[in-house]
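**Q** My structure is stored as my_file-v7.pdb, with PDB, C-alpha atoms.
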```pdb
MODEL        1
ATOM      1  CA  MET A   1      11.027  14.324 -16.552  1.00  0.00           C
ATOM      2  CA  THR A   2      11.635  12.471 -13.309  1.00  0.00           C
ATOM      3  CA  ASP A   3      12.728  14.641 -10.436  1.00  0.00           C
ATOM      4  CA  PRO A   4      14.793  13.180  -7.573  1.00  0.00           C
ATOM      5  CA  LYS A   5      13.974  16.296  -5.548  1.00  0.00           C
ATOM      6  CA  ALA A   6      10.185  15.922  -5.845  1.00  0.00           C
ATOM      7  CA  PRO A   7       8.582  16.097  -2.387  1.00  0.00           C
ATOM      8  CA  VAL A   8       8.368  12.846  -0.424  1.00  0.00           C
ATOM      9  CA  GLU A   9       6.085  11.985   2.465  1.00  0.00           C
ATOM     10  CA  LEU A  10       7.139   9.645   5.251  1.00  0.00           C
ATOM     11  CA  LEU A  11       3.864   8.499   6.808  1.00  0.00           C
ATOM     12  CA  VAL A  12       3.939   6.778  10.175  1.00  0.00           C
ATOM     13  CA  CYS A  13       1.049   4.820  11.658  1.00  0.00           C
ATOM     14  CA  THR A  14       0.711   6.433  15.087  1.00  0.00           C
ATOM     15  CA  THR A  15      -2.000   4.127  16.406  1.00  0.00           C
ATOM     16  CA  CYS A  16       0.090   0.949  16.145  1.00  0.00           C
ATOM     17  CA  ARG A  17       0.403  -1.104  19.323  1.00  0.00           C
ATOM     18  CA  ALA A  18       2.979  -3.477  17.784  1.00  0.00           C
ATOM     19  CA  GLY A  19       1.319  -6.336  19.594  1.00  0.00           C
ATOM     20  CA  ALA A  20       1.329  -4.662  23.017  1.00  0.00           C
ATOM     21  CA  PRO A  21      -1.677  -5.260  25.295  1.00  0.00           C
ATOM     22  CA  THR A  22      -4.589  -2.875  24.813  1.00  0.00           C
ATOM     23  CA  ASP A  23      -4.503  -1.810  28.468  1.00  0.00           C
ATOM     24  CA  GLN A  24      -0.867  -0.711  28.371  1.00  0.00           C
ATOM     25  CA  GLU A  25      -0.508   2.890  29.513  1.00  0.00           C
ATOM     26  CA  GLY A  26       1.458   5.661  27.826  1.00  0.00           C
ATOM     27  CA  PRO A  27       1.995   6.489  24.144  1.00  0.00           C
ATOM     28  CA  ARG A  28       1.640   3.597  21.728  1.00  0.00           C
ATOM     29  CA  PRO A  29       4.736   2.214  19.942  1.00  0.00           C
ATOM     30  CA  GLY A  30       3.578   3.895  16.710  1.00  0.00           C
ATOM     31  CA  THR A  31       3.387   7.265  18.424  1.00  0.00           C
ATOM     32  CA  GLN A  32       6.771   6.706  20.081  1.00  0.00           C
ATOM     33  CA  LEU A  33       8.246   5.932  16.668  1.00  0.00           C
ATOM     34  CA  PHE A  34       6.694   9.061  15.175  1.00  0.00           C
ATOM     35  CA  GLU A  35       8.076  11.214  17.983  1.00  0.00           C
ATOM     36  CA  ALA A  36      11.550   9.686  17.640  1.00  0.00           C
ATOM     37  CA  LEU A  37      11.521  10.388  13.906  1.00  0.00           C
ATOM     38  CA  GLN A  38      10.806  14.053  14.639  1.00  0.00           C
ATOM     39  CA  GLY A  39      14.295  14.152  16.149  1.00  0.00           C
ATOM     40  CA  CYS A  40      15.986  12.510  13.158  1.00  0.00           C
ATOM     41  CA  LYS A  41      17.802  14.200  10.326  1.00  0.00           C
ATOM     42  CA  LEU A  42      15.735  13.877   7.147  1.00  0.00           C
ATOM     43  CA  PRO A  43      16.423  15.292   3.686  1.00  0.00           C
ATOM     44  CA  ASP A  44      14.863  18.662   2.877  1.00  0.00           C
ATOM     45  CA  ASN A  45      12.387  17.096   0.455  1.00  0.00           C
ATOM     46  CA  VAL A  46      10.933  14.702   3.059  1.00  0.00           C
ATOM     47  CA  THR A  47       7.899  15.605   5.168  1.00  0.00           C
ATOM     48  CA  LEU A  48       7.073  13.452   8.196  1.00  0.00           C
ATOM     49  CA  ARG A  49       3.378  12.905   8.921  1.00  0.00           C
ATOM     50  CA  GLY A  50       1.452  10.793  11.385  1.00  0.00           C
ATOM     51  CA  VAL A  51      -1.557   8.816  10.182  1.00  0.00           C
ATOM     52  CA  GLU A  52      -4.159   6.903  12.149  1.00  0.00           C
ATOM     53  CA  CYS A  53      -4.136   3.227  11.172  1.00  0.00           C
ATOM     54  CA  PHE A  54      -2.734   1.697   8.004  1.00  0.00           C
ATOM     55  CA  SER A  55      -4.867  -1.457   8.544  1.00  0.00           C
ATOM     56  CA  ASN A  56      -1.610  -3.379   8.667  1.00  0.00           C
ATOM     57  CA  CYS A  57      -2.014  -4.197  12.339  1.00  0.00           C
ATOM     58  CA  ASP A  58      -0.617  -7.746  12.203  1.00  0.00           C
ATOM     59  CA  PHE A  59       2.801  -6.598  11.031  1.00  0.00           C
ATOM     60  CA  GLY A  60       4.060  -4.241  13.694  1.00  0.00           C
ATOM     61  CA  CYS A  61       4.758  -0.560  13.357  1.00  0.00           C
ATOM     62  CA  SER A  62       4.439   0.529   9.752  1.00  0.00           C
ATOM     63  CA  ILE A  63       5.509   3.361   7.521  1.00  0.00           C
ATOM     64  CA  THR A  64       4.666   4.455   4.001  1.00  0.00           C
ATOM     65  CA  LEU A  65       6.982   6.281   1.614  1.00  0.00           C
ATOM     66  CA  ARG A  66       5.400   8.139  -1.289  1.00  0.00           C
ATOM     67  CA  GLY A  67       5.777  11.285  -3.295  1.00  0.00           C
ATOM     68  CA  GLY A  68       6.104  12.683  -6.761  1.00  0.00           C
ATOM     69  CA  SER A  69       4.160  11.512  -9.778  1.00  0.00           C
ATOM     70  CA  ASP A  70       6.968   9.166 -10.871  1.00  0.00           C
ATOM     71  CA  ARG A  71       7.702   7.302  -7.655  1.00  0.00           C
ATOM     72  CA  TRP A  72       6.432   3.897  -6.541  1.00  0.00           C
ATOM     73  CA  THR A  73       4.792   3.973  -3.085  1.00  0.00           C
ATOM     74  CA  TYR A  74       6.191   1.534  -0.518  1.00  0.00           C
ATOM     75  CA  VAL A  75       4.725   0.202   2.736  1.00  0.00           C
ATOM     76  CA  TYR A  76       7.184  -1.286   5.231  1.00  0.00           C
ATOM     77  CA  GLY A  77       6.331  -3.041   8.479  1.00  0.00           C
ATOM     78  CA  GLN A  78       7.654  -4.948  11.477  1.00  0.00           C
ATOM     79  CA  PHE A  79       9.249  -1.936  13.122  1.00  0.00           C
ATOM     80  CA  THR A  80       9.238  -2.150  16.890  1.00  0.00           C
ATOM     81  CA  GLY A  81       9.022   1.507  17.914  1.00  0.00           C
ATOM     82  CA  SER A  82      11.322   4.410  18.614  1.00  0.00           C
ATOM     83  CA  LYS A  83      14.549   2.406  18.405  1.00  0.00           C
ATOM     84  CA  ASP A  84      13.983   1.936  14.674  1.00  0.00           C
ATOM     85  CA  ALA A  85      13.836   5.666  13.944  1.00  0.00           C
ATOM     86  CA  ASP A  86      17.387   5.885  12.543  1.00  0.00           C
ATOM     87  CA  LEU A  87      16.833   2.813  10.375  1.00  0.00           C
ATOM     88  CA  ILE A  88      13.699   4.414   8.915  1.00  0.00           C
ATOM     89  CA  ALA A  89      15.359   7.797   8.434  1.00  0.00           C
ATOM     90  CA  ASP A  90      18.095   6.056   6.461  1.00  0.00           C
ATOM     91  CA  GLY A  91      15.581   4.234   4.260  1.00  0.00           C
ATOM     92  CA  ALA A  92      13.544   7.380   3.724  1.00  0.00           C
ATOM     93  CA  SER A  93      16.669   9.308   2.727  1.00  0.00           C
ATOM     94  CA  LYS A  94      17.619   6.701   0.124  1.00  0.00           C
ATOM     95  CA  TYR A  95      14.068   6.652  -1.233  1.00  0.00           C
ATOM     96  CA  ALA A  96      13.916  10.442  -1.415  1.00  0.00           C
ATOM     97  CA  ALA A  97      17.135  10.522  -3.459  1.00  0.00           C
ATOM     98  CA  THR A  98      15.591   8.433  -6.263  1.00  0.00           C
ATOM     99  CA  PRO A  99      13.412   9.750  -9.082  1.00  0.00           C
ATOM    100  CA  ASP A 100      11.243   6.608  -9.146  1.00  0.00           C
ATOM    101  CA  GLY A 101      11.292   5.296  -5.575  1.00  0.00           C
ATOM    102  CA  LEU A 102      13.297   2.234  -6.589  1.00  0.00           C
ATOM    103  CA  VAL A 103      16.271   2.014  -4.230  1.00  0.00           C
ATOM    104  CA  PRO A 104      18.798  -0.494  -5.580  1.00  0.00           C
ATOM    105  CA  TRP A 105      18.585  -3.793  -3.684  1.00  0.00           C
ATOM    106  CA  ARG A 106      22.201  -3.682  -2.528  1.00  0.00           C
ATOM    107  CA  GLU A 107      21.589  -0.279  -0.901  1.00  0.00           C
ATOM    108  CA  ARG A 108      18.554  -1.374   1.076  1.00  0.00           C
ATOM    109  CA  SER A 109      18.943  -2.299   4.730  1.00  0.00           C
ATOM    110  CA  THR A 110      18.198  -5.888   5.706  1.00  0.00           C
ATOM    111  CA  HIS A 111      15.023  -4.757   7.447  1.00  0.00           C
ATOM    112  CA  PHE A 112      13.741  -2.977   4.351  1.00  0.00           C
ATOM    113  CA  ARG A 113      14.610  -5.976   2.177  1.00  0.00           C
ATOM    114  CA  LYS A 114      12.709  -8.384   4.387  1.00  0.00           C
ATOM    115  CA  ASN A 115       9.708  -6.347   5.489  1.00  0.00           C
ATOM    116  CA  CYS A 116       8.193  -4.733   2.434  1.00  0.00           C
ATOM    117  CA  ILE A 117       4.456  -5.106   2.965  1.00  0.00           C
ATOM    118  CA  ALA A 118       3.439  -3.886  -0.483  1.00  0.00           C
ATOM    119  CA  ARG A 119       4.349  -1.448  -3.203  1.00  0.00           C
ATOM    120  CA  ILE A 120       2.020   0.502  -5.462  1.00  0.00           C
ATOM    121  CA  PRO A 121       3.011   1.875  -8.849  1.00  0.00           C
ATOM    122  CA  PRO A 122       3.184   5.577  -9.641  1.00  0.00           C
ATOM    123  CA  GLN A 123       0.194   7.239 -11.252  1.00  0.00           C
ATOM    124  CA  GLU A 124       1.867   6.862 -14.615  1.00  0.00           C
ATOM    125  CA  ILE A 125       2.598   3.140 -14.585  1.00  0.00           C
ATOM    126  CA  PRO A 126       5.949   2.425 -16.249  1.00  0.00           C
ATOM    127  CA  GLU A 127       5.840  -0.007 -19.177  1.00  0.00           C
TER
ATOM    128  CA  MET B   1     -15.623  18.724  -2.761  1.00  0.00           C
ATOM    129  CA  THR B   2     -15.447  14.950  -2.735  1.00  0.00           C
ATOM    130  CA  ASP B   3     -16.589  13.254  -5.905  1.00  0.00           C
ATOM    131  CA  PRO B   4     -17.952   9.699  -5.813  1.00  0.00           C
ATOM    132  CA  LYS B   5     -17.558   9.577  -9.598  1.00  0.00           C
ATOM    133  CA  ALA B   6     -13.827  10.415  -9.576  1.00  0.00           C
ATOM    134  CA  PRO B   7     -11.899   7.844 -11.631  1.00  0.00           C
ATOM    135  CA  VAL B   8     -10.799   4.690  -9.850  1.00  0.00           C
ATOM    136  CA  GLU B   9      -8.053   2.250 -10.804  1.00  0.00           C
ATOM    137  CA  LEU B  10      -8.278  -1.450 -10.047  1.00  0.00           C
ATOM    138  CA  LEU B  11      -4.674  -2.646 -10.221  1.00  0.00           C
ATOM    139  CA  VAL B  12      -3.994  -6.373 -10.423  1.00  0.00           C
ATOM    140  CA  CYS B  13      -0.606  -7.975  -9.812  1.00  0.00           C
ATOM    141  CA  THR B  14      -0.202 -10.102 -12.939  1.00  0.00           C
ATOM    142  CA  THR B  15       3.070 -11.755 -11.919  1.00  0.00           C
ATOM    143  CA  CYS B  16       1.635 -13.452  -8.821  1.00  0.00           C
ATOM    144  CA  ARG B  17       2.124 -17.205  -8.603  1.00  0.00           C
ATOM    145  CA  ALA B  18      -0.076 -17.517  -5.481  1.00  0.00           C
ATOM    146  CA  GLY B  19       2.350 -20.075  -4.127  1.00  0.00           C
ATOM    147  CA  ALA B  20       2.397 -22.244  -7.282  1.00  0.00           C
ATOM    148  CA  PRO B  21       5.721 -23.870  -8.246  1.00  0.00           C
ATOM    149  CA  THR B  22       8.005 -21.743 -10.402  1.00  0.00           C
ATOM    150  CA  ASP B  23       8.150 -24.408 -13.119  1.00  0.00           C
ATOM    151  CA  GLN B  24       4.375 -24.554 -13.588  1.00  0.00           C
ATOM    152  CA  GLU B  25       3.415 -23.912 -17.202  1.00  0.00           C
ATOM    153  CA  GLY B  26       0.738 -21.570 -18.511  1.00  0.00           C
ATOM    154  CA  PRO B  27      -0.367 -18.119 -17.327  1.00  0.00           C
ATOM    155  CA  ARG B  28       0.271 -17.324 -13.692  1.00  0.00           C
ATOM    156  CA  PRO B  29      -2.668 -17.074 -11.256  1.00  0.00           C
ATOM    157  CA  GLY B  30      -2.282 -13.272 -11.216  1.00  0.00           C
ATOM    158  CA  THR B  31      -2.575 -13.128 -15.002  1.00  0.00           C
ATOM    159  CA  GLN B  32      -5.550 -15.496 -14.944  1.00  0.00           C
ATOM    160  CA  LEU B  33      -7.237 -13.233 -12.399  1.00  0.00           C
ATOM    161  CA  PHE B  34      -6.539 -10.162 -14.532  1.00  0.00           C
ATOM    162  CA  GLU B  35      -7.993 -11.842 -17.614  1.00  0.00           C
ATOM    163  CA  ALA B  36     -11.090 -12.981 -15.727  1.00  0.00           C
ATOM    164  CA  LEU B  37     -11.652  -9.432 -14.476  1.00  0.00           C
ATOM    165  CA  GLN B  38     -11.615  -8.198 -18.068  1.00  0.00           C
ATOM    166  CA  GLY B  39     -14.850 -10.157 -18.488  1.00  0.00           C
ATOM    167  CA  CYS B  40     -16.519  -8.702 -15.390  1.00  0.00           C
ATOM    168  CA  LYS B  41     -18.958  -5.821 -15.236  1.00  0.00           C
ATOM    169  CA  LEU B  42     -17.270  -2.856 -13.614  1.00  0.00           C
ATOM    170  CA  PRO B  43     -18.632   0.663 -13.012  1.00  0.00           C
ATOM    171  CA  ASP B  44     -17.886   3.252 -15.704  1.00  0.00           C
ATOM    172  CA  ASN B  45     -15.459   5.105 -13.450  1.00  0.00           C
ATOM    173  CA  VAL B  46     -13.258   2.034 -12.859  1.00  0.00           C
ATOM    174  CA  THR B  47     -10.228   1.258 -15.042  1.00  0.00           C
ATOM    175  CA  LEU B  48      -8.643  -2.184 -14.803  1.00  0.00           C
ATOM    176  CA  ARG B  49      -4.851  -2.295 -15.123  1.00  0.00           C
ATOM    177  CA  GLY B  50      -2.246  -5.020 -14.785  1.00  0.00           C
ATOM    178  CA  VAL B  51       0.927  -4.311 -12.827  1.00  0.00           C
ATOM    179  CA  GLU B  52       4.083  -6.359 -12.456  1.00  0.00           C
ATOM    180  CA  CYS B  53       4.685  -7.253  -8.810  1.00  0.00           C
ATOM    181  CA  PHE B  54       3.269  -5.514  -5.759  1.00  0.00           C
ATOM    182  CA  SER B  55       6.043  -7.041  -3.576  1.00  0.00           C
ATOM    183  CA  ASN B  56       3.289  -8.704  -1.594  1.00  0.00           C
ATOM    184  CA  CYS B  57       4.268 -12.167  -2.760  1.00  0.00           C
ATOM    185  CA  ASP B  58       3.628 -13.976   0.528  1.00  0.00           C
ATOM    186  CA  PHE B  59      -0.066 -13.130   0.521  1.00  0.00           C
ATOM    187  CA  GLY B  60      -1.454 -14.584  -2.684  1.00  0.00           C
ATOM    188  CA  CYS B  61      -2.932 -12.701  -5.586  1.00  0.00           C
ATOM    189  CA  SER B  62      -3.267  -9.038  -4.774  1.00  0.00           C
ATOM    190  CA  ILE B  63      -5.148  -6.015  -5.967  1.00  0.00           C
ATOM    191  CA  THR B  64      -4.967  -2.295  -5.257  1.00  0.00           C
ATOM    192  CA  LEU B  65      -7.870   0.146  -5.380  1.00  0.00           C
ATOM    193  CA  ARG B  66      -7.066   3.834  -5.706  1.00  0.00           C
ATOM    194  CA  GLY B  67      -8.294   6.950  -7.378  1.00  0.00           C
ATOM    195  CA  GLY B  68      -9.324  10.513  -6.800  1.00  0.00           C
ATOM    196  CA  SER B  69      -7.557  12.950  -4.529  1.00  0.00           C
ATOM    197  CA  ASP B  70      -9.924  12.219  -1.640  1.00  0.00           C
ATOM    198  CA  ARG B  71      -9.891   8.432  -1.544  1.00  0.00           C
ATOM    199  CA  TRP B  72      -7.836   6.145   0.664  1.00  0.00           C
ATOM    200  CA  THR B  73      -5.832   3.540  -1.306  1.00  0.00           C
ATOM    201  CA  TYR B  74      -6.396  -0.102  -0.322  1.00  0.00           C
ATOM    202  CA  VAL B  75      -4.315  -3.217  -0.973  1.00  0.00           C
ATOM    203  CA  TYR B  76      -6.106  -6.554  -0.636  1.00  0.00           C
ATOM    204  CA  GLY B  77      -4.539 -10.007  -0.854  1.00  0.00           C
ATOM    205  CA  GLN B  78      -5.059 -13.747  -0.545  1.00  0.00           C
ATOM    206  CA  PHE B  79      -7.047 -14.081  -3.756  1.00  0.00           C
ATOM    207  CA  THR B  80      -6.531 -17.417  -5.442  1.00  0.00           C
ATOM    208  CA  GLY B  81      -6.939 -16.545  -9.118  1.00  0.00           C
ATOM    209  CA  SER B  82      -9.677 -16.239 -11.697  1.00  0.00           C
ATOM    210  CA  LYS B  83     -12.432 -17.653  -9.490  1.00  0.00           C
ATOM    211  CA  ASP B  84     -12.240 -14.556  -7.299  1.00  0.00           C
ATOM    212  CA  ALA B  85     -12.956 -12.142 -10.152  1.00  0.00           C
ATOM    213  CA  ASP B  86     -16.607 -11.546  -9.216  1.00  0.00           C
ATOM    214  CA  LEU B  87     -15.687 -11.028  -5.576  1.00  0.00           C
ATOM    215  CA  ILE B  88     -13.153  -8.390  -6.592  1.00  0.00           C
ATOM    216  CA  ALA B  89     -15.509  -6.716  -9.076  1.00  0.00           C
ATOM    217  CA  ASP B  90     -18.056  -6.399  -6.260  1.00  0.00           C
ATOM    218  CA  GLY B  91     -15.495  -4.858  -3.904  1.00  0.00           C
ATOM    219  CA  ALA B  92     -14.229  -2.497  -6.597  1.00  0.00           C
ATOM    220  CA  SER B  93     -17.775  -1.371  -7.372  1.00  0.00           C
ATOM    221  CA  LYS B  94     -18.475  -0.541  -3.734  1.00  0.00           C
ATOM    222  CA  TYR B  95     -15.174   1.316  -3.429  1.00  0.00           C
ATOM    223  CA  ALA B  96     -15.828   3.286  -6.613  1.00  0.00           C
ATOM    224  CA  ALA B  97     -19.199   4.427  -5.280  1.00  0.00           C
ATOM    225  CA  THR B  98     -17.615   6.156  -2.279  1.00  0.00           C
ATOM    226  CA  PRO B  99     -16.106   9.650  -2.265  1.00  0.00           C
ATOM    227  CA  ASP B 100     -13.355   8.683   0.204  1.00  0.00           C
ATOM    228  CA  GLY B 101     -12.723   4.986  -0.442  1.00  0.00           C
ATOM    229  CA  LEU B 102     -14.159   4.008   2.926  1.00  0.00           C
ATOM    230  CA  VAL B 103     -16.714   1.278   2.293  1.00  0.00           C
ATOM    231  CA  PRO B 104     -18.824   0.746   5.441  1.00  0.00           C
ATOM    232  CA  TRP B 105     -17.723  -2.376   7.312  1.00  0.00           C
ATOM    233  CA  ARG B 106     -21.135  -4.067   7.069  1.00  0.00           C
ATOM    234  CA  GLU B 107     -21.037  -3.754   3.261  1.00  0.00           C
ATOM    235  CA  ARG B 108     -17.612  -5.353   2.858  1.00  0.00           C
ATOM    236  CA  SER B 109     -17.374  -9.000   1.887  1.00  0.00           C
ATOM    237  CA  THR B 110     -15.812 -11.360   4.398  1.00  0.00           C
ATOM    238  CA  HIS B 111     -12.746 -11.688   2.179  1.00  0.00           C
ATOM    239  CA  PHE B 112     -12.235  -7.930   2.034  1.00  0.00           C
ATOM    240  CA  ARG B 113     -12.731  -7.644   5.787  1.00  0.00           C
ATOM    241  CA  LYS B 114     -10.124 -10.283   6.540  1.00  0.00           C
ATOM    242  CA  ASN B 115      -7.492  -9.662   3.879  1.00  0.00           C
ATOM    243  CA  CYS B 116      -6.719  -5.978   3.832  1.00  0.00           C
ATOM    244  CA  ILE B 117      -2.941  -5.844   3.442  1.00  0.00           C
ATOM    245  CA  ALA B 118      -2.614  -2.104   3.985  1.00  0.00           C
ATOM    246  CA  ARG B 119      -4.324   1.195   3.344  1.00  0.00           C
ATOM    247  CA  ILE B 120      -2.723   4.512   2.525  1.00  0.00           C
ATOM    248  CA  PRO B 121      -4.364   7.872   3.158  1.00  0.00           C
ATOM    249  CA  PRO B 122      -5.377  10.250   0.390  1.00  0.00           C
ATOM    250  CA  GLN B 123      -3.000  13.011  -0.594  1.00  0.00           C
ATOM    251  CA  GLU B 124      -4.941  15.403   1.606  1.00  0.00           C
ATOM    252  CA  ILE B 125      -4.887  13.468   4.861  1.00  0.00           C
ATOM    253  CA  PRO B 126      -8.197  13.894   6.715  1.00  0.00           C
ATOM    254  CA  GLU B 127      -7.952  15.304  10.246  1.00  0.00           C
TER
ENDMDL
END
```
Using structure tokens, write down the structure that the file contains.

**A**
Amino acid sequence: MTDPKAPVELLVCTTCRAGAPTDQEGPRPGTQLFEALQGCKLPDNVTLRGVECFSNCDFGCSITLRGGSDRWTYVYGQFTGSKDADLIADGASKYAATPDGLVPWRERSTHFRKNCIARIPPQEIPE
Amino acid sequence: MTDPKAPVELLVCTTCRAGAPTDQEGPRPGTQLFEALQGCKLPDNVTLRGVECFSNCDFGCSITLRGGSDRWTYVYGQFTGSKDADLIADGASKYAATPDGLVPWRERSTHFRKNCIARIPPQEIPE
């Protein structure tokens, strides 16, 4: 039933300031991260999308991984901007290769292990 | 298109210890909260479900509100257990009355205003 090729969305909060002052000029860290991810190699089943505000403003730049009726949704935070694009692309690739969104602990990067903000079960909650 | 009567799920993390010691006996605070919510009046379009671990363990008892293709999903935290059941039932009722999950700020309780862990856009992300 579960399909490891089901479409995945990588959502990036583009309005995040990552703690920078409100009068700082130029694109915000969240937007810089989004733009850097546009240059990264992502699996064919991953779509990158920008979103305005995850309401997770105290925990740095944030992303959400979701997709497919059988996958858990994950929110990760504490990214600092464009320099974390490769780290996120790696995590998104591992997530997109699973049927249920559960990447084995040993395969997760240290950042993903330490900065999971929340996870939400799939529509059909596993027993 | 949007339907304020679309089904809503109120998910409660039943494994939450809310900072209590691991050797404490009896049901965990998350389970106590879930059981207290079973006794609360909820709108007809809200289904209460227990879930094991939202990975939001540093921020107390947590709930998720989701449902309908047009609603934002919200994760709220820092609940302390069964005594917050009415507060959560109130927040869930307001959420379930909206077509998009966006409860006006002035209608949100102080706890909901201050303890939003994250929000995730609906499947069809609004422009």

**Q** Please report, as JSON lines, each residue of stretch 40-113 of chain A lying at most 12 Å from stretch 44-67 of chain B, together with the nearest pair of atoms and the separation in Å rounded to one decimal; use only C-alpha atoms, and order rows by chain and ascending residue number.

**A**
```
{"residue": "A:Trp72", "atom": "CA", "partner": "B:Phe54", "partner_atom": "CA", "distance": 10.0}
{"residue": "A:Thr73", "atom": "CA", "partner": "B:Phe54", "partner_atom": "CA", "distance": 10.0}
{"residue": "A:Tyr74", "atom": "CA", "partner": "B:Ser55", "partner_atom": "CA", "distance": 9.1}
{"residue": "A:Val75", "atom": "CA", "partner": "B:Ser55", "partner_atom": "CA", "distance": 9.7}
{"residue": "A:Tyr76", "atom": "CA", "partner": "B:Ser55", "partner_atom": "CA", "distance": 10.6}
{"residue": "A:Gly77", "atom": "CA", "partner": "B:Asn56", "partner_atom": "CA", "distance": 11.9}
{"residue": "A:Phe112", "atom": "CA", "partner": "B:Ser55", "partner_atom": "CA", "distance": 11.8}
{"residue": "A:Arg113", "atom": "CA", "partner": "B:Ser55", "partner_atom": "CA", "distance": 10.4}
```

**Q** Could you please take those selected residues and save C-alpha atoms as a compact mmCIF listing (two decimals), in the coordinates of the input?

**A**
```
# COMPACT_ATOMS: atom_id res chain seq x y z
CA TRP A 72 6.43 3.90 -6.54
CA THR A 73 4.79 3.97 -3.08
CA TYR A 74 6.19 1.53 -0.52
CA VAL A 75 4.72 0.20 2.74
CA TYR A 76 7.18 -1.29 5.23
CA GLY A 77 6.33 -3.04 8.48
CA PHE A 112 13.74 -2.98 4.35
CA ARG A 113 14.61 -5.98 2.18
```

**Q** Expand the PyMOL selection byres ((chain B and resi 16-31) around 6) into the explicit residue set it covers here, and present it as a ChimeraX atom specification.

**A** /B:13-15,32-34,60-61,81

**Q** In Å, rounded to a single decimal, give me how far atom CA of A:Ala89 is from atom CA of A:Arg106.

**A**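 If I compute the distance from atom CA of A:Arg106 to atom CA of A:Ala89, I get 17.3 Å.
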
**Q** Of the candidates A:Val103, A:Leu11, A:Cys40, A:Ala85, which one gets nearest to chain B if we count all atoms listed in the file?

**A**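 Closest to chain B of all the choices is A:Leu11.
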
**Q** Do you have the atom CA of A:Gln78-atom CA of A:Asn115 distance handy?

**A** 6.5 Å

**Q** Might you spell out which residues the PyMOL selection byres ((chain A and resi 122) around 7) would select in the displayed file, as a list in words?

**A**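 Applied to this file, the PyMOL selection byres ((chain A and resi 122) around 7) selects Ser69, Asp70, Arg71, Trp72, Thr73, Ile120, Pro121, Gln123, Glu124 and Ile125 of chain A.
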
**Q** Name the residues captured by the PyMOL selection byres ((chain B and resi 97) around 12) when it is applied to the shown file; answer as a PyMOL selection string.

**A** chain B and resi 2-8+42-46+67-68+71+90-96+98-104+107

**Q** To one decimal place in Å, what is the distance between atom CA of B:Thr80 and atom CA of B:Ser109?

**A**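 Separation of atom CA of B:Thr80 and atom CA of B:Ser109: 15.6 Å.
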
**Q** Which residues are close to B:Lys83, i.e. within 9 Å by all atoms listed in the file, leaving aside same-chain residues fewer than 4 positions away? Reply as a PyMOL selection string.

**A** chain B and resi 33+36+79+87
